[in-house]
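Asks: If it helps, the file is called protein.tsv and holds TSV, C-alpha atoms:
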chain	number	residue	atom	x	y	z
A	9	GLU	CA	41.25	33.31	15.62
A	10	PRO	CA	39.82	32.62	19.08
A	11	GLU	CA	36.52	30.81	19.14
A	12	VAL	CA	33.90	29.50	21.51
A	13	THR	CA	33.81	25.71	21.72
A	14	GLN	CA	31.03	23.46	22.98
A	15	THR	CA	30.86	19.79	23.91
A	16	PRO	CA	29.27	17.48	23.13
A	17	SER	CA	27.96	18.34	19.71
A	18	HIS	CA	24.99	16.03	20.22
A	19	GLN	CA	23.57	14.62	23.43
A	20	VAL	CA	20.78	12.10	23.66
A	21	THR	CA	19.20	11.49	27.05
A	22	GLN	CA	16.16	9.94	28.64
A	23	MET	CA	13.46	12.10	30.15
A	24	GLY	CA	14.18	12.79	33.81
A	25	GLN	CA	17.94	12.44	33.48
A	26	GLU	CA	20.43	15.18	34.26
A	27	VAL	CA	22.58	16.61	31.51
A	28	ILE	CA	25.53	18.97	31.57
A	29	LEU	CA	26.41	20.97	28.50
A	30	ARG	CA	29.90	22.37	28.36
A	31	CYS	CA	31.33	25.49	26.82
A	32	VAL	CA	34.77	27.04	26.69
A	33	PRO	CA	34.35	30.78	26.05
A	34	ILE	CA	36.99	33.00	24.52
A	35	SER	CA	39.66	33.42	27.14
A	36	ASN	CA	39.60	37.18	27.86
A	37	HIS	CA	35.82	37.51	27.71
A	38	LEU	CA	33.85	38.52	30.77
A	39	TYR	CA	30.21	37.87	29.93
A	40	PHE	CA	28.81	34.45	29.17
A	41	TYR	CA	25.45	33.38	27.86
A	42	TRP	CA	23.30	30.41	27.05
A	43	TYR	CA	20.67	30.55	24.36
A	44	ARG	CA	18.51	27.80	22.96
A	45	GLN	CA	16.79	27.17	19.66
A	46	ILE	CA	13.93	24.71	19.50
A	47	LEU	CA	13.72	23.17	16.04
A	48	GLY	CA	12.05	25.58	13.64
A	49	GLN	CA	11.85	28.38	16.18
A	50	LYS	CA	13.88	31.44	17.00
A	51	VAL	CA	16.95	31.62	19.18
A	52	GLU	CA	15.92	32.45	22.77
A	53	PHE	CA	17.96	33.91	25.58
A	54	LEU	CA	18.25	31.70	28.65
A	55	VAL	CA	20.77	33.27	31.01
A	56	SER	CA	23.70	35.64	31.27
A	57	PHE	CA	26.60	35.25	33.68
A	58	TYR	CA	29.08	37.87	34.81
A	59	ASN	CA	31.52	38.10	37.68
A	60	ASN	CA	30.74	34.55	38.76
A	61	GLU	CA	27.04	35.03	39.14
A	62	ILE	CA	23.87	35.08	37.08
A	63	SER	CA	23.22	38.63	35.91
A	64	GLU	CA	19.93	37.97	34.14
A	65	LYS	CA	17.73	34.98	33.36
A	66	SER	CA	14.66	34.45	31.26
A	67	GLU	CA	11.36	32.86	32.26
A	68	ILE	CA	12.54	29.66	30.59
A	69	PHE	CA	15.44	29.38	33.03
A	70	ASP	CA	13.56	27.79	35.92
A	71	ASP	CA	14.83	25.80	38.89
A	72	GLN	CA	15.69	22.85	36.64
A	73	PHE	CA	18.48	24.88	35.08
A	74	SER	CA	21.75	26.01	36.59
A	75	VAL	CA	25.00	27.46	35.31
A	76	GLU	CA	28.50	27.31	36.63
A	77	ARG	CA	31.99	28.43	35.79
A	78	PRO	CA	33.84	25.83	37.84
A	79	ASP	CA	37.44	26.40	36.87
A	80	GLY	CA	37.85	29.77	35.17
A	81	SER	CA	37.70	28.34	31.66
A	82	ASN	CA	34.64	26.11	31.34
A	83	PHE	CA	31.09	27.43	31.48
A	84	THR	CA	28.42	24.79	32.01
A	85	LEU	CA	24.67	24.54	31.73
A	86	LYS	CA	23.03	21.83	33.81
A	87	ILE	CA	19.49	20.63	33.34
A	88	ARG	CA	18.60	18.67	36.43
A	89	SER	CA	15.65	16.62	35.21
A	90	THR	CA	15.18	16.83	31.49
A	91	LYS	CA	11.78	17.07	29.83
A	92	LEU	CA	10.78	16.32	26.27
A	93	GLU	CA	10.37	20.04	25.64
A	94	ASP	CA	14.02	20.65	26.54
A	95	SER	CA	14.98	19.11	23.20
A	96	ALA	CA	16.70	21.93	21.35
A	97	MET	CA	20.00	23.30	20.13
A	98	TYR	CA	21.81	25.05	22.96
A	99	PHE	CA	24.27	27.80	22.10
A	100	CYS	CA	26.90	29.26	24.35
A	101	ALA	CA	28.14	32.78	23.68
A	102	SER	CA	30.74	35.07	25.17
A	103	PHE	CA	31.36	38.78	25.08
A	104	ALA	CA	34.40	40.83	25.97
A	105	SER	CA	32.48	43.90	27.20
A	106	LYS	CA	32.72	47.51	26.14
A	107	PRO	CA	34.77	49.33	25.08
A	108	PHE	CA	36.57	46.35	23.63
A	109	SER	CA	33.74	44.83	21.67
A	110	ASP	CA	30.04	45.05	20.85
A	111	THR	CA	29.80	41.50	19.63
A	112	GLN	CA	28.78	38.22	21.17
A	113	TYR	CA	30.62	35.22	19.75
A	114	PHE	CA	28.69	32.00	19.52
A	115	GLY	CA	29.79	28.40	19.77
A	116	PRO	CA	28.65	25.74	17.30
A	117	GLY	CA	25.94	24.49	19.63
A	118	THR	CA	24.96	21.27	21.36
A	119	ARG	CA	21.93	19.47	20.02
A	120	LEU	CA	20.05	17.97	22.97
A	121	THR	CA	17.53	15.24	22.26
A	122	VAL	CA	15.33	14.10	25.13
A	123	LEU	CA	13.55	10.79	24.58
B	18	ALA	CA	11.25	45.22	26.19
B	19	GLN	CA	12.82	44.65	22.83
B	20	SER	CA	11.51	42.63	19.93
B	21	VAL	CA	12.48	41.77	16.38
B	22	THR	CA	10.24	40.93	13.47
B	23	GLN	CA	11.61	39.28	10.37
B	24	LEU	CA	9.15	39.40	7.50
B	25	GLY	CA	9.22	36.24	5.47
B	26	SER	CA	10.34	32.97	7.00
B	27	HIS	CA	11.58	31.83	3.60
B	28	VAL	CA	13.04	33.86	0.74
B	29	SER	CA	14.03	32.29	-2.55
B	30	VAL	CA	16.16	34.09	-5.15
B	31	SER	CA	18.01	33.19	-8.29
B	32	GLU	CA	21.78	33.22	-8.39
B	33	GLY	CA	22.91	36.74	-9.29
B	34	ALA	CA	19.69	38.37	-8.10
B	35	LEU	CA	19.31	40.93	-5.34
B	36	VAL	CA	18.91	39.58	-1.84
B	37	LEU	CA	16.67	41.54	0.54
B	38	LEU	CA	15.90	40.19	4.00
B	39	ARG	CA	13.68	42.36	6.15
B	40	CYS	CA	14.05	43.14	9.83
B	41	ASN	CA	12.05	45.53	11.98
B	42	TYR	CA	12.80	46.09	15.62
B	43	SER	CA	11.20	47.56	18.68
B	44	SER	CA	13.34	49.07	21.39
B	45	SER	CA	12.78	51.69	24.04
B	46	VAL	CA	16.41	52.81	23.86
B	47	PRO	CA	18.81	53.33	20.95
B	48	PRO	CA	19.40	49.81	19.77
B	49	TYR	CA	22.39	47.80	18.79
B	50	LEU	CA	21.43	45.66	15.80
B	51	PHE	CA	23.03	42.54	14.41
B	52	TRP	CA	22.64	40.08	11.59
B	53	TYR	CA	23.85	36.56	12.18
B	54	VAL	CA	24.02	33.75	9.63
B	55	GLN	CA	23.62	30.05	10.38
B	56	TYR	CA	24.79	27.52	7.83
B	57	PRO	CA	23.39	23.99	8.09
B	58	ASN	CA	24.59	22.19	11.20
B	59	GLN	CA	26.73	25.12	12.26
B	60	GLY	CA	26.59	27.84	14.88
B	61	LEU	CA	25.79	31.52	14.52
B	62	GLN	CA	28.28	33.68	12.68
B	63	LEU	CA	28.18	37.47	12.82
B	64	LEU	CA	27.53	39.06	9.43
B	65	LEU	CA	27.41	42.70	10.46
B	66	LYS	CA	26.36	45.04	13.24
B	67	TYR	CA	25.06	48.55	13.85
B	68	THR	CA	26.22	50.21	17.04
B	69	SER	CA	25.32	53.89	16.58
B	70	ALA	CA	28.02	54.82	14.11
B	71	ALA	CA	27.37	54.90	10.34
B	72	THR	CA	23.81	53.97	9.42
B	73	LEU	CA	24.95	51.97	6.39
B	74	VAL	CA	26.89	49.01	7.62
B	75	LYS	CA	28.98	46.69	5.50
B	76	GLY	CA	29.60	43.14	6.57
B	77	ILE	CA	31.25	39.99	5.37
B	78	ASN	CA	30.51	38.19	2.11
B	79	GLY	CA	29.24	41.33	0.37
B	80	PHE	CA	26.26	41.91	2.66
B	81	GLU	CA	25.22	45.29	3.96
B	82	ALA	CA	22.38	46.70	6.02
B	83	GLU	CA	20.97	50.15	6.58
B	84	PHE	CA	19.67	51.37	9.92
B	85	LYS	CA	16.56	53.52	9.43
B	86	LYS	CA	15.37	54.92	12.72
B	87	SER	CA	12.21	56.45	11.27
B	88	GLU	CA	11.15	53.05	9.94
B	89	THR	CA	12.63	51.04	12.85
B	90	SER	CA	14.21	48.82	10.22
B	91	PHE	CA	17.53	47.14	9.61
B	92	HIS	CA	17.10	45.28	6.33
B	93	LEU	CA	19.90	43.11	4.97
B	94	THR	CA	20.86	43.29	1.32
B	95	LYS	CA	23.31	41.84	-1.13
B	96	PRO	CA	23.40	42.98	-4.76
B	97	SER	CA	24.09	39.58	-6.28
B	98	ALA	CA	23.25	36.27	-4.62
B	99	HIS	CA	25.68	33.38	-4.69
B	100	MET	CA	24.86	29.73	-4.14
B	101	SER	CA	27.01	29.78	-1.00
B	102	ASP	CA	24.68	32.38	0.56
B	103	ALA	CA	22.04	29.73	1.15
B	104	ALA	CA	21.57	29.68	4.92
B	105	GLU	CA	19.32	30.93	7.71
B	106	TYR	CA	19.67	34.58	8.65
B	107	PHE	CA	18.79	36.00	12.04
B	108	CYS	CA	18.32	39.62	12.97
B	109	ALA	CA	18.97	40.47	16.62
B	110	VAL	CA	18.72	43.51	18.86
B	111	SER	CA	20.48	44.46	22.05
B	112	ASP	CA	19.80	47.48	24.21
B	113	GLY	CA	23.48	47.68	25.05
B	114	GLY	CA	22.50	47.53	28.70
B	115	SER	CA	24.45	45.92	31.48
B	116	ASN	CA	23.86	42.38	30.28
B	117	TYR	CA	24.05	42.93	26.52
B	118	LYS	CA	21.68	40.05	25.91
B	119	LEU	CA	20.40	39.53	22.38
B	120	THR	CA	16.78	39.24	21.32
B	121	PHE	CA	16.45	37.38	18.03
B	122	GLY	CA	13.91	37.32	15.26
B	123	LYS	CA	12.48	34.05	14.01
B	124	GLY	CA	14.94	33.84	11.16
B	125	THR	CA	14.68	33.85	7.38
B	126	LEU	CA	15.76	30.87	5.36
B	127	LEU	CA	17.41	31.99	2.14
B	128	THR	CA	17.53	29.59	-0.77
B	129	VAL	CA	19.45	30.41	-3.93
B	130	ASN	CA	18.39	28.78	-7.17
B	131	PRO	CA	20.83	28.18	-10.00
Translate this file's structure into structure tokens.

Replies:
Amino acid sequence: EPEVTQTPSHQVTQMGQEVILRCVPISNHLYFYWYRQILGQKVEFLVSFYNNEISEKSEIFDDQFSVERPDGSNFTLKIRSTKLEDSAMYFCASFASKPFSDTQYFGPGTRLTVL
Amino acid sequence: AQSVTQLGSHVSVSEGALVLLRCNYSSSVPPYLFWYVQYPNQGLQLLLKYTSAATLVKGINGFEAEFKKSETSFHLTKPSAHMSDAAEYFCAVSDGGSNYKLTFGKGTLLTVNP
């Protein structure tokens, strides 16, 4: 069964450093998402991406964040200068689009720890 | 704007007992509703979904949920809990709009006692 994969599973970085989180969505999907979950809190939407551009972003997704689909398979989230409060689990998700599916499929997540 | 409220951050049941996890939503348009489960150190797995068809939805692992528009609820139930059901459960809503983004509740941690 096709699945969304994410690398790395755990990333530790120093405050102020740049990090890139990688995702490989399901191959025939058209919509891509990043969500995050701060420890003990709910899963929050960050950004959606469709047709090679951001289609919606949340207030959390400020200028420090960017997304890219560089090669038609990978979907990346870059945090330019990490802050302590960026420590969280980051989930990538993909979605085929109607009428094929109503469901977003999630990857296993990348746990980001900012020291 | 959409929102989801999950009553009870932690629910504890005995093995074999009924599981009831509550979810209420707010949406200005007919919603699409989902329950996801997260096992320790794993990602989010879809349990079941409501997308405007039958109001009683059956999912994996014996779970089901009923969409009640009048109560704006989508509670998750399972007649008999199993130890393997111990996990965190998230209710989510989508307006089915152009971006299909999900808005999640805070989650309910289910523990199952032997």

Asks: Which of these, B:Tyr56, B:Ser90, B:Ser43, B:Ala103, has the shortest distance to B:Thr72 once you count only C-alpha atoms?

Replies: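 Of the candidates, the smallest distance to B:Thr72 is held by B:Ser90.
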
Asks: Might you pull out every residue within 6 Å of stretch 41-44 of chain A, with only C-alpha atoms counted and same-chain residues fewer than 5 positions away left off, and present them as a VMD selection string?

Replies: chain A and resid 51 to 56 97 to 101

Asks: Could you dump the residues just selected with C-alpha atoms as a CSV table (one decimal), in the coordinates of the input?

Replies:
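This went into selection-v6.csv:
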chain,number,residue,atom,x,y,z
A,51,VAL,CA,17.0,31.6,19.2
A,52,GLU,CA,15.9,32.4,22.8
A,53,PHE,CA,18.0,33.9,25.6
A,54,LEU,CA,18.2,31.7,28.6
A,55,VAL,CA,20.8,33.3,31.0
A,56,SER,CA,23.7,35.6,31.3
A,97,MET,CA,20.0,23.3,20.1
A,98,TYR,CA,21.8,25.0,23.0
A,99,PHE,CA,24.3,27.8,22.1
A,100,CYS,CA,26.9,29.3,24.4
A,101,ALA,CA,28.1,32.8,23.7

Asks: Just to confirm, what's the straight-line distance from atom CA of B:Glu81 to atom CA of A:Ser102 in Å (one decimal)?

Replies: 24.2 Å

Asks: Can you check which residues of chain B have any atom within 7 Å of chain A? Use all atoms listed in the file and format it as a ChimeraX atom specification.

Replies: /B:59-61,116,119-124

Asks: Using atom CA of B:Leu127 and atom CA of B:Val30 as the two end points, give the distance in Å to one decimal.

Replies: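 We find that atom CA of B:Leu127 and atom CA of B:Val30 lie 7.7 Å from each other.
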
Asks: Which residue is closest to A:Met23? Choose from A:Leu120, A:Leu92, A:Ile46, A:Ala104 and count only C-alpha atoms.

Replies: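 Answer, going by the shortest atom-to-atom distance: A:Leu92.
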
Asks: Once you count only C-alpha atoms, which residues end up no further than 6 Å from (14.9, 47.3, 19.8) in the file's frame, shown as an MDAnalysis selection string?

Replies: chainID B and resid 19:20 42:44 48 110

Asks: Using atom CA of B:Trp52 and atom CA of B:Leu65 as the two end points, give the distance in Å to one decimal.

Replies: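 Separating atom CA of B:Trp52 from atom CA of B:Leu65 is a distance of 5.6 Å.
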
Asks: For a quick check of your reading of the model, name the residues lying within 10 Å of the coordinate (17.8, 40.4, -3.7), counting only C-alpha atoms, and write them as JSON, numbers by chain.

Replies: {"B": [28, 29, 30, 31, 32, 33, 34, 35, 36, 37, 38, 93, 94, 95, 96, 97, 98]}

Asks: Taking into account all atoms listed in the file, which residue in the set B:Cys40, B:Leu126, B:Leu64, B:Ala109 is nearest to B:Leu24?

Replies: B:Cys40

Asks: Excluding B:Val74 and residues on its chain fewer than 5 positions from it, collect all residues at most 9 Å away from it, counting only C-alpha atoms, and give them as a ChimeraX atom specification.

Replies: /B:65-67,80-84

Asks: Export C-alpha atoms of the chosen residues as a short mmCIF file (atom, residue, chain, number, x, y, z; two decimals), in the coordinates of the input?

Replies:
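again.cif written:
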data_model
loop_
_atom_site.label_atom_id
_atom_site.label_comp_id
_atom_site.auth_asym_id
_atom_site.auth_seq_id
_atom_site.Cartn_x
_atom_site.Cartn_y
_atom_site.Cartn_z
CA LEU B 65 27.41 42.70 10.46
CA LYS B 66 26.36 45.04 13.24
CA TYR B 67 25.06 48.55 13.85
CA PHE B 80 26.26 41.91 2.66
CA GLU B 81 25.22 45.29 3.96
CA ALA B 82 22.38 46.70 6.02
CA GLU B 83 20.97 50.15 6.58
CA PHE B 84 19.67 51.37 9.92
#

Asks: If you count all atoms listed in the file, which residues fall within 10 Å of A:Arg88, apart from same-chain ones fewer than 6 positions away, as an MDAnalysis selection string?

Replies: chainID A and resid 24:28 71:74

Asks: Could you please fill out stretch 9-20 of chain A with all heavy atoms and send it back as a JSON list (two decimals), in the coordinates of the input?

Replies:
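Now in result.json:
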[["chain", "number", "residue", "atom", "x", "y", "z"],
["A", 9, "GLU", "N", 42.23, 32.42, 15.00],
["A", 9, "GLU", "CA", 41.25, 33.31, 15.62],
["A", 9, "GLU", "C", 40.57, 32.59, 16.79],
["A", 9, "GLU", "O", 40.14, 31.45, 16.65],
["A", 9, "GLU", "CB", 40.19, 33.71, 14.58],
["A", 9, "GLU", "CG", 39.19, 34.72, 15.09],
["A", 9, "GLU", "CD", 38.20, 35.13, 14.02],
["A", 9, "GLU", "OE1", 38.57, 35.20, 12.84],
["A", 9, "GLU", "OE2", 37.05, 35.39, 14.37],
["A", 10, "PRO", "N", 40.46, 33.26, 17.93],
["A", 10, "PRO", "CA", 39.82, 32.62, 19.08],
["A", 10, "PRO", "C", 38.37, 32.28, 18.77],
["A", 10, "PRO", "O", 37.70, 32.99, 18.02],
["A", 10, "PRO", "CB", 39.89, 33.69, 20.17],
["A", 10, "PRO", "CG", 40.93, 34.64, 19.74],
["A", 10, "PRO", "CD", 40.94, 34.60, 18.25],
["A", 11, "GLU", "N", 37.90, 31.19, 19.36],
["A", 11, "GLU", "CA", 36.52, 30.81, 19.14],
["A", 11, "GLU", "C", 35.94, 30.17, 20.39],
["A", 11, "GLU", "O", 36.66, 29.71, 21.27],
["A", 11, "GLU", "CB", 36.41, 29.84, 17.96],
["A", 11, "GLU", "CG", 37.21, 28.56, 18.12],
["A", 11, "GLU", "CD", 37.11, 27.64, 16.92],
["A", 11, "GLU", "OE1", 36.67, 28.09, 15.85],
["A", 11, "GLU", "OE2", 37.46, 26.46, 17.07],
["A", 12, "VAL", "N", 34.63, 30.16, 20.44],
["A", 12, "VAL", "CA", 33.90, 29.50, 21.51],
["A", 12, "VAL", "C", 33.71, 28.04, 21.11],
["A", 12, "VAL", "O", 33.31, 27.76, 19.97],
["A", 12, "VAL", "CB", 32.53, 30.17, 21.73],
["A", 12, "VAL", "CG1", 31.74, 29.44, 22.81],
["A", 12, "VAL", "CG2", 32.71, 31.65, 22.09],
["A", 13, "THR", "N", 34.01, 27.13, 22.01],
["A", 13, "THR", "CA", 33.81, 25.71, 21.72],
["A", 13, "THR", "C", 32.77, 25.13, 22.67],
["A", 13, "THR", "O", 32.60, 25.62, 23.79],
["A", 13, "THR", "CB", 35.12, 24.92, 21.84],
["A", 13, "THR", "OG1", 35.64, 25.05, 23.17],
["A", 13, "THR", "CG2", 36.17, 25.44, 20.87],
["A", 14, "GLN", "N", 32.08, 24.11, 22.19],
["A", 14, "GLN", "CA", 31.03, 23.46, 22.98],
["A", 14, "GLN", "C", 31.14, 21.94, 22.82],
["A", 14, "GLN", "O", 31.42, 21.44, 21.73],
["A", 14, "GLN", "CB", 29.64, 23.90, 22.52],
["A", 14, "GLN", "CG", 29.31, 25.33, 22.85],
["A", 14, "GLN", "CD", 27.88, 25.69, 22.47],
["A", 14, "GLN", "OE1", 27.64, 26.54, 21.62],
["A", 14, "GLN", "NE2", 26.92, 25.03, 23.12],
["A", 15, "THR", "N", 30.90, 21.25, 23.94],
["A", 15, "THR", "CA", 30.86, 19.79, 23.91],
["A", 15, "THR", "C", 29.71, 19.30, 24.78],
["A", 15, "THR", "O", 29.36, 19.94, 25.79],
["A", 15, "THR", "CB", 32.17, 19.18, 24.43],
["A", 15, "THR", "OG1", 32.45, 19.71, 25.74],
["A", 15, "THR", "CG2", 33.33, 19.45, 23.52],
["A", 16, "PRO", "N", 29.09, 18.17, 24.41],
["A", 16, "PRO", "CA", 29.27, 17.48, 23.13],
["A", 16, "PRO", "C", 28.53, 18.20, 22.01],
["A", 16, "PRO", "O", 27.80, 19.15, 22.28],
["A", 16, "PRO", "CB", 28.62, 16.12, 23.43],
["A", 16, "PRO", "CG", 27.51, 16.45, 24.39],
["A", 16, "PRO", "CD", 28.03, 17.57, 25.24],
["A", 17, "SER", "N", 28.70, 17.74, 20.81],
["A", 17, "SER", "CA", 27.96, 18.34, 19.71],
["A", 17, "SER", "C", 26.52, 17.83, 19.68],
["A", 17, "SER", "O", 25.62, 18.54, 19.25],
["A", 17, "SER", "CB", 28.65, 18.05, 18.37],
["A", 17, "SER", "OG", 28.77, 16.66, 18.18],
["A", 18, "HIS", "N", 26.33, 16.61, 20.17],
["A", 18, "HIS", "CA", 24.99, 16.03, 20.22],
["A", 18, "HIS", "C", 24.89, 15.17, 21.47],
["A", 18, "HIS", "O", 25.78, 14.38, 21.77],
["A", 18, "HIS", "CB", 24.73, 15.18, 18.97],
["A", 18, "HIS", "CG", 23.30, 14.77, 18.80],
["A", 18, "HIS", "ND1", 22.88, 13.91, 17.81],
["A", 18, "HIS", "CD2", 22.18, 15.11, 19.48],
["A", 18, "HIS", "CE1", 21.57, 13.74, 17.90],
["A", 18, "HIS", "NE2", 21.13, 14.46, 18.90],
["A", 19, "GLN", "N", 23.81, 15.37, 22.21],
["A", 19, "GLN", "CA", 23.57, 14.62, 23.43],
["A", 19, "GLN", "C", 22.16, 14.05, 23.38],
["A", 19, "GLN", "O", 21.20, 14.79, 23.17],
["A", 19, "GLN", "CB", 23.71, 15.54, 24.65],
["A", 19, "GLN", "CG", 23.32, 14.92, 25.97],
["A", 19, "GLN", "CD", 24.52, 14.47, 26.78],
["A", 19, "GLN", "OE1", 25.54, 15.13, 26.84],
["A", 19, "GLN", "NE2", 24.39, 13.32, 27.40],
["A", 20, "VAL", "N", 22.08, 12.75, 23.59],
["A", 20, "VAL", "CA", 20.78, 12.10, 23.66],
["A", 20, "VAL", "C", 20.59, 11.61, 25.09],
["A", 20, "VAL", "O", 21.49, 10.98, 25.66],
["A", 20, "VAL", "CB", 20.68, 10.91, 22.67],
["A", 20, "VAL", "CG1", 19.30, 10.27, 22.76],
["A", 20, "VAL", "CG2", 20.95, 11.39, 21.25]]
